[in-house]
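Peer 1: My structure is in work-v7.txt, and what it holds is compact mmCIF, C-alpha atoms and all ligand atoms:
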# COMPACT_ATOMS: atom_id res chain seq x y z
CA MET Z 1 119.67 114.20 82.76
CA HIS Z 2 116.39 114.44 84.68
CA ILE Z 3 116.47 112.59 88.00
CA PRO Z 4 113.00 112.40 89.55
CA PRO Z 5 112.41 112.76 93.29
CA ARG Z 6 112.40 109.37 94.98
CA VAL Z 7 109.49 108.22 97.13
CA LEU Z 8 109.29 105.06 99.20
CA THR Z 9 106.17 103.10 100.11
CA VAL Z 10 106.30 100.70 103.05
CA ALA Z 11 103.10 98.69 102.60
CA GLY Z 12 101.35 95.48 101.62
CA SER Z 13 100.94 94.02 98.14
CA ASP Z 14 97.44 93.84 96.65
CA SER Z 15 97.47 91.10 94.00
CA GLY Z 16 94.45 92.74 92.36
CA GLY Z 17 96.48 95.87 91.64
CA GLY Z 18 93.95 98.30 93.12
CA ALA Z 19 95.36 99.22 96.52
CA GLY Z 20 98.53 98.78 98.56
CA ILE Z 21 101.97 98.85 96.95
CA GLN Z 22 100.50 98.67 93.46
CA ALA Z 23 98.32 101.77 93.92
CA ASP Z 24 101.22 103.56 95.57
CA LEU Z 25 103.65 102.97 92.70
CA LYS Z 26 101.08 103.99 90.07
CA THR Z 27 100.37 107.21 91.96
CA MET Z 28 104.05 108.01 92.38
CA LEU Z 29 104.70 107.48 88.67
CA ALA Z 30 101.66 109.56 87.66
CA LEU Z 31 102.96 112.42 89.79
CA GLY Z 32 106.41 112.39 88.21
CA THR Z 33 108.36 110.68 90.96
CA HIS Z 34 110.37 107.47 91.18
CA GLY Z 35 108.50 105.01 93.41
CA MET Z 36 110.25 102.36 95.49
CA SER Z 37 108.80 99.72 97.79
CA VAL Z 38 109.38 97.91 101.05
CA VAL Z 39 106.85 95.05 101.03
CA THR Z 40 105.51 94.23 104.50
CA ALA Z 41 102.92 91.62 103.59
CA VAL Z 42 101.54 89.86 100.56
CA THR Z 43 97.78 89.63 100.16
CA ALA Z 44 95.79 87.39 97.84
CA GLN Z 45 93.15 89.92 96.96
CA ASN Z 46 90.62 90.87 94.29
CA SER Z 47 87.50 92.98 93.86
CA LEU Z 48 85.63 90.77 96.35
CA GLY Z 49 88.04 91.09 99.27
CA VAL Z 50 91.17 89.62 100.82
CA GLN Z 51 91.38 85.84 100.47
CA GLY Z 52 94.70 85.47 102.31
CA ALA Z 53 97.55 87.50 103.81
CA TRP Z 54 101.13 86.59 104.64
CA GLU Z 55 103.40 88.87 106.61
CA LEU Z 56 107.11 89.14 105.86
CA PRO Z 57 109.71 88.68 108.62
CA ALA Z 58 110.89 91.92 110.28
CA GLU Z 59 114.37 91.15 109.00
CA ALA Z 60 113.11 91.24 105.38
CA VAL Z 61 111.45 94.59 105.98
CA ARG Z 62 114.59 96.02 107.56
CA ALA Z 63 116.78 94.73 104.71
CA GLN Z 64 114.57 96.20 101.96
CA PHE Z 65 114.52 99.55 103.73
CA ARG Z 66 118.28 99.67 104.17
CA SER Z 67 118.93 98.63 100.54
CA VAL Z 68 116.83 101.50 99.25
CA VAL Z 69 117.76 104.24 101.71
CA ASP Z 70 121.50 103.58 101.92
CA ASP Z 71 122.11 103.57 98.16
CA ILE Z 72 119.30 105.29 96.25
CA GLY Z 73 118.08 107.67 98.94
CA VAL Z 74 114.54 108.91 99.51
CA GLN Z 75 112.91 112.34 99.59
CA ALA Z 76 109.68 111.16 101.24
CA VAL Z 77 108.19 107.97 102.69
CA LYS Z 78 104.63 106.67 102.92
CA THR Z 79 103.48 103.76 105.08
CA GLY Z 80 100.35 101.64 104.62
CA MET Z 81 99.49 98.09 105.74
CA LEU Z 82 101.92 97.06 108.48
CA SER Z 83 100.09 93.95 109.67
CA SER Z 84 101.50 93.33 113.16
CA ALA Z 85 102.91 95.01 116.26
CA GLU Z 86 106.36 93.68 115.41
CA LEU Z 87 106.33 95.25 111.93
CA VAL Z 88 104.88 98.53 113.24
CA GLU Z 89 107.70 98.74 115.78
CA THR Z 90 110.33 97.80 113.19
CA VAL Z 91 109.12 100.43 110.72
CA ALA Z 92 108.80 103.10 113.43
CA GLU Z 93 112.40 102.49 114.43
CA LEU Z 94 113.60 102.75 110.81
CA LEU Z 95 111.64 105.96 110.23
CA ALA Z 96 112.89 107.58 113.42
CA GLY Z 97 116.38 107.63 111.87
CA LEU Z 98 115.27 109.43 108.68
CA ARG Z 99 115.18 113.18 108.09
CA VAL Z 100 112.56 113.35 105.30
CA PRO Z 101 108.77 113.87 105.33
CA VAL Z 102 106.84 110.79 106.40
CA VAL Z 103 103.16 110.15 105.61
CA ILE Z 104 101.56 107.56 107.87
CA ASP Z 105 98.32 106.00 106.61
CA PRO Z 106 97.29 104.03 109.71
CA VAL Z 107 95.59 101.28 107.72
CA GLY Z 108 93.31 99.15 109.88
CA VAL Z 109 90.57 97.40 107.95
CA SER Z 110 89.88 97.20 104.19
CA LYS Z 111 86.61 98.39 102.64
CA HIS Z 112 85.51 94.75 102.60
CA GLY Z 113 86.07 94.50 106.34
CA ASP Z 114 89.27 92.45 106.17
CA ALA Z 115 91.73 93.23 109.00
CA LEU Z 116 95.04 94.51 107.64
CA LEU Z 117 96.44 95.28 111.12
CA ALA Z 118 96.29 93.10 114.23
CA ALA Z 119 94.37 94.64 117.15
CA SER Z 120 97.48 94.02 119.25
CA ALA Z 121 99.39 96.51 117.05
CA LEU Z 122 97.27 99.56 117.93
CA ASP Z 123 99.40 100.55 120.92
CA ALA Z 124 102.53 100.54 118.77
CA VAL Z 125 100.79 102.65 116.12
CA ARG Z 126 99.82 105.20 118.77
CA GLY Z 127 103.06 105.17 120.75
CA ALA Z 128 105.79 104.50 118.18
CA LEU Z 129 104.56 105.02 114.62
CA LEU Z 130 102.42 108.18 114.77
CA PRO Z 131 105.16 110.21 116.51
CA THR Z 132 107.34 109.72 113.39
CA ALA Z 133 104.71 111.20 111.06
CA THR Z 134 104.90 114.51 109.25
CA VAL Z 135 101.29 113.83 108.29
CA ALA Z 136 98.94 111.10 109.58
CA THR Z 137 96.00 110.33 107.27
CA PRO Z 138 93.37 108.30 109.18
CA ASN Z 139 89.86 107.75 107.85
CA LEU Z 140 86.97 107.96 110.31
CA ASP Z 141 87.05 104.24 111.18
CA GLU Z 142 90.76 104.50 111.96
CA VAL Z 143 90.14 107.63 114.06
CA ALA Z 144 87.56 105.72 116.10
CA GLN Z 145 89.86 102.72 116.48
CA LEU Z 146 92.87 104.80 117.53
CA THR Z 147 91.27 107.54 119.63
CA GLY Z 148 87.72 106.46 120.51
CA VAL Z 149 86.38 109.67 118.91
CA ARG Z 150 83.31 108.93 116.77
CA VAL Z 151 82.83 111.45 114.00
CA GLU Z 152 79.20 111.84 113.01
CA GLY Z 153 79.40 115.23 111.35
CA GLU Z 154 81.92 117.84 110.36
CA ALA Z 155 81.77 119.43 113.79
CA ASP Z 156 83.42 116.32 115.29
CA MET Z 157 86.36 116.42 112.89
CA ARG Z 158 88.26 119.02 114.91
CA ARG Z 159 88.04 116.80 117.99
CA ALA Z 160 89.24 113.84 115.92
CA ALA Z 161 92.22 115.81 114.62
CA ALA Z 162 93.16 117.00 118.12
CA ALA Z 163 93.05 113.42 119.42
CA ILE Z 164 95.29 112.20 116.58
CA LEU Z 165 97.73 115.12 117.03
CA ASP Z 166 98.06 114.11 120.70
CA PHE Z 167 100.00 111.04 119.51
CA GLY Z 168 102.68 113.28 118.01
CA PRO Z 169 102.35 113.68 114.23
CA ARG Z 170 103.09 117.23 112.99
CA TRP Z 171 99.88 117.33 110.93
CA ALA Z 172 96.66 115.32 110.87
CA LEU Z 173 94.62 114.88 107.70
CA ILE Z 174 91.25 113.53 108.80
CA LYS Z 175 89.47 111.95 105.84
CA GLY Z 176 85.74 112.57 106.11
CA GLY Z 177 84.82 110.60 102.99
CA HIS Z 178 83.13 107.94 105.11
CA LEU Z 179 80.58 110.45 106.40
CA THR Z 180 77.30 109.29 104.87
CA ALA Z 181 76.13 111.18 101.82
CA GLY Z 182 74.23 114.26 102.78
CA ASP Z 183 76.26 115.07 105.90
CA GLY Z 184 78.45 117.68 104.29
CA PRO Z 185 77.26 121.02 102.96
CA GLY Z 186 76.50 120.61 99.25
CA ASP Z 187 77.12 116.89 99.79
CA SER Z 188 80.88 117.12 99.43
CA ALA Z 189 83.60 114.76 100.60
CA VAL Z 190 85.40 116.88 103.17
CA ASP Z 191 88.78 116.35 104.81
CA LEU Z 192 90.37 118.42 107.55
CA LEU Z 193 94.11 119.14 107.55
CA THR Z 194 95.48 120.77 110.69
CA ASP Z 195 98.63 121.07 112.75
CA GLY Z 196 96.65 122.33 115.73
CA THR Z 197 97.11 125.95 114.64
CA GLU Z 198 96.34 126.18 110.93
CA GLU Z 199 93.14 124.62 109.62
CA HIS Z 200 92.53 123.69 105.98
CA TRP Z 201 89.18 122.21 104.94
CA LEU Z 202 89.55 120.27 101.69
CA ARG Z 203 86.33 119.76 99.78
CA ALA Z 204 85.54 117.87 96.61
CA PRO Z 205 82.24 116.90 95.02
CA ARG Z 206 81.09 113.47 96.14
CA HIS Z 207 81.15 110.97 93.27
CA ASP Z 208 78.43 108.38 93.01
CA ASN Z 209 80.89 105.63 92.08
CA ARG Z 210 81.24 102.38 94.00
CA HIS Z 211 84.64 101.59 92.46
CA THR Z 212 86.74 103.16 95.19
CA HIS Z 213 89.28 100.44 95.99
CA GLY Z 214 92.63 102.02 96.83
CA THR Z 215 91.54 105.57 97.63
CA GLY Z 216 93.34 105.75 100.98
CA CYS Z 217 96.60 104.35 99.63
CA THR Z 218 96.41 106.70 96.66
CA LEU Z 219 95.86 109.81 98.78
CA ALA Z 220 98.77 109.07 101.12
CA SER Z 221 101.08 108.27 98.18
CA ALA Z 222 100.11 111.43 96.32
CA LEU Z 223 100.81 113.41 99.47
CA ALA Z 224 104.25 111.81 99.83
CA ALA Z 225 105.04 112.38 96.14
CA GLN Z 226 104.15 116.06 96.41
CA LEU Z 227 106.22 116.45 99.57
CA ALA Z 228 109.16 114.81 97.78
CA LYS Z 229 108.78 117.44 95.05
CA GLY Z 230 109.08 120.20 97.63
CA ASP Z 231 105.48 121.19 98.35
CA THR Z 232 104.53 122.41 101.82
CA VAL Z 233 102.11 120.10 103.66
CA PRO Z 234 99.02 122.25 102.84
CA GLN Z 235 100.05 122.44 99.16
CA ALA Z 236 100.74 118.69 99.03
CA ALA Z 237 97.40 117.87 100.67
CA ALA Z 238 95.46 120.04 98.21
CA ALA Z 239 97.24 118.45 95.24
CA ALA Z 240 96.73 114.95 96.67
CA LYS Z 241 93.01 115.60 97.18
CA ASP Z 242 92.74 116.73 93.52
CA TYR Z 243 94.56 113.62 92.36
CA VAL Z 244 92.33 111.28 94.36
CA THR Z 245 89.18 113.08 93.26
CA GLY Z 246 90.17 112.55 89.61
CA ALA Z 247 91.16 108.93 90.17
CA LEU Z 248 87.92 108.25 92.06
CA ALA Z 249 85.74 109.84 89.39
CA ALA Z 250 87.36 107.48 86.87
CA GLY Z 251 87.19 104.34 89.07
CA PHE Z 252 86.06 101.40 86.97
CA ARG Z 253 84.46 97.99 87.28
CA LEU Z 254 86.83 95.00 87.46
CA GLY Z 255 85.73 91.62 88.74
CA ALA Z 256 82.38 91.18 90.46
CA GLY Z 257 82.97 93.51 93.41
CA ILE Z 258 84.56 96.87 94.08
CA GLY Z 259 86.82 98.06 91.26
CA PRO Z 260 89.92 100.23 91.56
CA VAL Z 261 90.40 103.96 91.23
CA ASP Z 262 92.03 104.90 87.93
CA HIS Z 263 95.51 106.41 87.72
CA GLY Z 264 95.26 107.16 84.00
CA TRP Z 265 92.47 109.75 84.28
N1 LIG X 1 95.09 95.95 100.58
C1 LIG X 1 96.22 96.52 100.95
C2 LIG X 1 97.49 95.76 100.79
C3 LIG X 1 96.18 97.81 101.47
O1 LIG X 1 97.29 98.40 101.87
C4 LIG X 1 94.93 98.49 101.60
C5 LIG X 1 94.79 99.84 102.09
O2 LIG X 1 95.61 100.47 102.62
C6 LIG X 1 93.79 97.85 101.21
C7 LIG X 1 93.91 96.59 100.70
C8 LIG X 1 92.46 98.47 101.39
O3 LIG X 1 92.01 99.15 100.31
P1 LIG X 1 90.54 99.69 100.29
O4 LIG X 1 90.10 99.88 101.70
O5 LIG X 1 90.65 100.98 99.53
O6 LIG X 1 89.70 98.69 99.55
For the file at hand, write its structure as structure tokens.
Ligand code: PLP
Peer 2:
Amino acid sequence: MHIPPRVLTVAGSDSGGGAGIQADLKTMLALGTHGMSVVTAVTAQNSLGVQGAWELPAEAVRAQFRSVVDDIGVQAVKTGMLSSAELVETVAELLAGLRVPVVIDPVGVSKHGDALLAASALDAVRGALLPTATVATPNLDEVAQLTGVRVEGEADMRRAAAAILDFGPRWALIKGGHLTAGDGPGDSAVDLLTDGTEEHWLRAPRHDNRHTHGTGCTLASALAAQLAKGDTVPQAAAAAKDYVTGALAAGFRLGAGIGPVDHGW
């Protein structure tokens, strides 16, 4: 009997199915793993943005986590939207007791500009959550929010990674996709993976596709799924970048706004 590696997402629900828990579970399935979820918040959301968000009590987050970990077991964990300082601290405490790879996507603001994390939670992300990470996967807005480093070109990405690594994750994957088109050589979407010693530049052709909802969640989940399957961090990051590039190229229109990336590509 084949038993797939088990991967846990600790994140928010996106009712539109494009990002959050829904994107995470699709990615985990597509990559041959068994996805499980600890829901931190429920959003009313569609292609136009977030119309409402409700956080779950810390006790509900703790209970979901214990149910999954104590019986089923996990080979890797990914975190996404954590909403508040209290939930960030709760999740950090739960993760500190685990001995499996942890991918922290320090989700701050959605592509539509909706806050998915309270400003008052940033200190807990820096001081409690990031130290638990095997890999932290901030985009450039999150780098600026967490470290004050503003990345305007590839040359700044090393500084960004160093500033993130100062908070304690083993690896930083700085996602340069928000650099404006034309910044990268050959106009590629470039990410930097480093542990402060090794450096891996991950490049993919930039796709002219506005339907990009869920890219960040998808990348972090793919990374966690690959780690659960036994990849090293550089191998997992390369595979995750390939997965996201395919999903992004196939992103499709749904609703009147920004459609989701496609997990069936
Ligand atoms: N909604 C939820 C619940 C999320 O966790 C995230 C991202 O992590 C988003 C929305 C944002 O998705 P995007 O910025 O790709 O539109």
Peer 1: Compile the contact shell of Arg150 (chain Z) as a list in words: residues with an atom at most 12 Å away, counting all atoms listed in the file, same-chain residues fewer than 6 positions apart removed.
Peer 2: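 The residues that qualify are Asn139, Leu140, Asp141, Glu142, Val143, Ala144, Asp156, Met157, Arg158, Arg159, Ala160, Ala161, Ala163, Gly176, His178 and Leu179 of chain Z.
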Peer 1: Show me, as a VMD selection string, the residues that have an atom within 10 Å of Ala249 (chain Z) when counting only C-alpha atoms, minus same-chain residues fewer than 3 positions from it.
Peer 2: chain Z and resid 205 to 212 244 to 246 252 261 to 262 265
Peer 1: Which residues are close to Pro260 (chain Z), i.e. within 12 Å by only C-alpha atoms, leaving aside same-chain residues fewer than 2 positions away? Reply as a PDB file with C-alpha atoms, in the coordinates of the input.
Peer 2:
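The resulting out32.pdb:
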ATOM      1  CA  ASP Z  14      97.440  93.840  96.650  1.00  0.00           C
ATOM      2  CA  GLY Z  16      94.450  92.740  92.360  1.00  0.00           C
ATOM      3  CA  GLY Z  17      96.480  95.870  91.640  1.00  0.00           C
ATOM      4  CA  GLY Z  18      93.950  98.300  93.120  1.00  0.00           C
ATOM      5  CA  ALA Z  19      95.360  99.220  96.520  1.00  0.00           C
ATOM      6  CA  GLY Z  20      98.530  98.780  98.560  1.00  0.00           C
ATOM      7  CA  GLN Z  22     100.500  98.670  93.460  1.00  0.00           C
ATOM      8  CA  ALA Z  23      98.320 101.770  93.920  1.00  0.00           C
ATOM      9  CA  LYS Z  26     101.080 103.990  90.070  1.00  0.00           C
ATOM     10  CA  ASN Z  46      90.620  90.870  94.290  1.00  0.00           C
ATOM     11  CA  SER Z  47      87.500  92.980  93.860  1.00  0.00           C
ATOM     12  CA  LEU Z  48      85.630  90.770  96.350  1.00  0.00           C
ATOM     13  CA  LYS Z 111      86.610  98.390 102.640  1.00  0.00           C
ATOM     14  CA  ASN Z 209      80.890 105.630  92.080  1.00  0.00           C
ATOM     15  CA  ARG Z 210      81.240 102.380  94.000  1.00  0.00           C
ATOM     16  CA  HIS Z 211      84.640 101.590  92.460  1.00  0.00           C
ATOM     17  CA  THR Z 212      86.740 103.160  95.190  1.00  0.00           C
ATOM     18  CA  HIS Z 213      89.280 100.440  95.990  1.00  0.00           C
ATOM     19  CA  GLY Z 214      92.630 102.020  96.830  1.00  0.00           C
ATOM     20  CA  THR Z 215      91.540 105.570  97.630  1.00  0.00           C
ATOM     21  CA  GLY Z 216      93.340 105.750 100.980  1.00  0.00           C
ATOM     22  CA  CYS Z 217      96.600 104.350  99.630  1.00  0.00           C
ATOM     23  CA  THR Z 218      96.410 106.700  96.660  1.00  0.00           C
ATOM     24  CA  VAL Z 244      92.330 111.280  94.360  1.00  0.00           C
ATOM     25  CA  ALA Z 247      91.160 108.930  90.170  1.00  0.00           C
ATOM     26  CA  LEU Z 248      87.920 108.250  92.060  1.00  0.00           C
ATOM     27  CA  ALA Z 249      85.740 109.840  89.390  1.00  0.00           C
ATOM     28  CA  ALA Z 250      87.360 107.480  86.870  1.00  0.00           C
ATOM     29  CA  GLY Z 251      87.190 104.340  89.070  1.00  0.00           C
ATOM     30  CA  PHE Z 252      86.060 101.400  86.970  1.00  0.00           C
ATOM     31  CA  ARG Z 253      84.460  97.990  87.280  1.00  0.00           C
ATOM     32  CA  LEU Z 254      86.830  95.000  87.460  1.00  0.00           C
ATOM     33  CA  GLY Z 255      85.730  91.620  88.740  1.00  0.00           C
ATOM     34  CA  ALA Z 256      82.380  91.180  90.460  1.00  0.00           C
ATOM     35  CA  GLY Z 257      82.970  93.510  93.410  1.00  0.00           C
ATOM     36  CA  ILE Z 258      84.560  96.870  94.080  1.00  0.00           C
ATOM     37  CA  ASP Z 262      92.030 104.900  87.930  1.00  0.00           C
ATOM     38  CA  HIS Z 263      95.510 106.410  87.720  1.00  0.00           C
ATOM     39  CA  GLY Z 264      95.260 107.160  84.000  1.00  0.00           C
TER      40      GLY Z 264
END
Peer 1: Separation of CA of Ala128 (chain Z) and CA of Arg66 (chain Z), in Å?
Peer 2: 19.4 Å
Peer 1: Rounded to one decimal place, report the CA of Ala240 (chain Z)-CA of Leu165 (chain Z) distance in Å.
Peer 2: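 Taking CA of Ala240 (chain Z) and CA of Leu165 (chain Z), their separation equals 20.4 Å.
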Peer 1: Restricting the calculation to all atoms listed in the file, which member of Z:Ala155, Z:Ala189, Z:Gly113, Z:Thr79 is positioned closest to Val125 (chain Z)?
Peer 2: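 Checking each candidate against Val125 (chain Z), we get Z:Thr79 as the closest.
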Peer 1: Check the smallest atom-to-atom distance from each of Z:Ser110, Z:Thr40, Z:Ser15, Z:Thr132 to Gly97 (chain Z) using all atoms listed in the file, then report the winner.
Peer 2: Z:Thr132
Peer 1: Tell me which of Z:Ile3, Z:Leu193, Z:Val100, Z:Met81 sits closest to ligand LIG 1 (chain X), counting only C-alpha atoms and all ligand atoms.
Peer 2: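 Answer, going by the shortest atom-to-atom distance: Z:Met81.
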Peer 1: What is the distance between CA of Arg62 (chain Z) and CA of Lys78 (chain Z), in Å to one decimal?
Peer 2: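 Separation of CA of Arg62 (chain Z) and CA of Lys78 (chain Z): 15.3 Å.
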Peer 1: Mind giving me the axis-aligned box for region 139-142 of chain Z with 4 Å on every side, centre plus edges in Å to one decimal, as AutoDock Vina command-line options?
Peer 2:
--center_x 88.9 --center_y 106.1 --center_z 109.9 --size_x 11.8 --size_y 11.7 --size_z 12.1
Peer 1: Once N, CA and C atoms are restored for region 122-134 of chain Z, what would the output be as a tab-separated table (two decimals), in the frame of the given file?
Peer 2:
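Output below, filename rebuild.tsv:
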chain	number	residue	atom	x	y	z
Z	122	LEU	N	97.76	98.17	117.80
Z	122	LEU	CA	97.27	99.56	117.93
Z	122	LEU	C	98.12	100.39	118.88
Z	123	ASP	N	98.57	99.79	119.96
Z	123	ASP	CA	99.40	100.55	120.92
Z	123	ASP	C	100.70	101.02	120.27
Z	124	ALA	N	101.28	100.17	119.44
Z	124	ALA	CA	102.53	100.54	118.77
Z	124	ALA	C	102.28	101.62	117.72
Z	125	VAL	N	101.12	101.58	117.08
Z	125	VAL	CA	100.79	102.65	116.12
Z	125	VAL	C	100.70	103.97	116.86
Z	126	ARG	N	99.99	103.95	117.99
Z	126	ARG	CA	99.82	105.20	118.77
Z	126	ARG	C	101.15	105.68	119.35
Z	127	GLY	N	101.90	104.77	119.95
Z	127	GLY	CA	103.06	105.17	120.75
Z	127	GLY	C	104.36	105.28	119.98
Z	128	ALA	N	104.50	104.52	118.89
Z	128	ALA	CA	105.79	104.50	118.18
Z	128	ALA	C	105.69	105.03	116.76
Z	129	LEU	N	104.63	104.66	116.04
Z	129	LEU	CA	104.56	105.02	114.62
Z	129	LEU	C	104.08	106.46	114.40
Z	130	LEU	N	102.96	106.83	115.02
Z	130	LEU	CA	102.42	108.18	114.77
Z	130	LEU	C	103.39	109.30	115.16
Z	131	PRO	N	104.20	109.14	116.19
Z	131	PRO	CA	105.16	110.21	116.51
Z	131	PRO	C	106.19	110.46	115.40
Z	132	THR	N	106.36	109.52	114.47
Z	132	THR	CA	107.34	109.72	113.39
Z	132	THR	C	106.72	110.46	112.20
Z	133	ALA	N	105.41	110.71	112.25
Z	133	ALA	CA	104.71	111.20	111.06
Z	133	ALA	C	104.84	112.71	110.87
Z	134	THR	N	105.09	113.12	109.63
Z	134	THR	CA	104.90	114.51	109.25
Z	134	THR	C	103.40	114.73	109.10
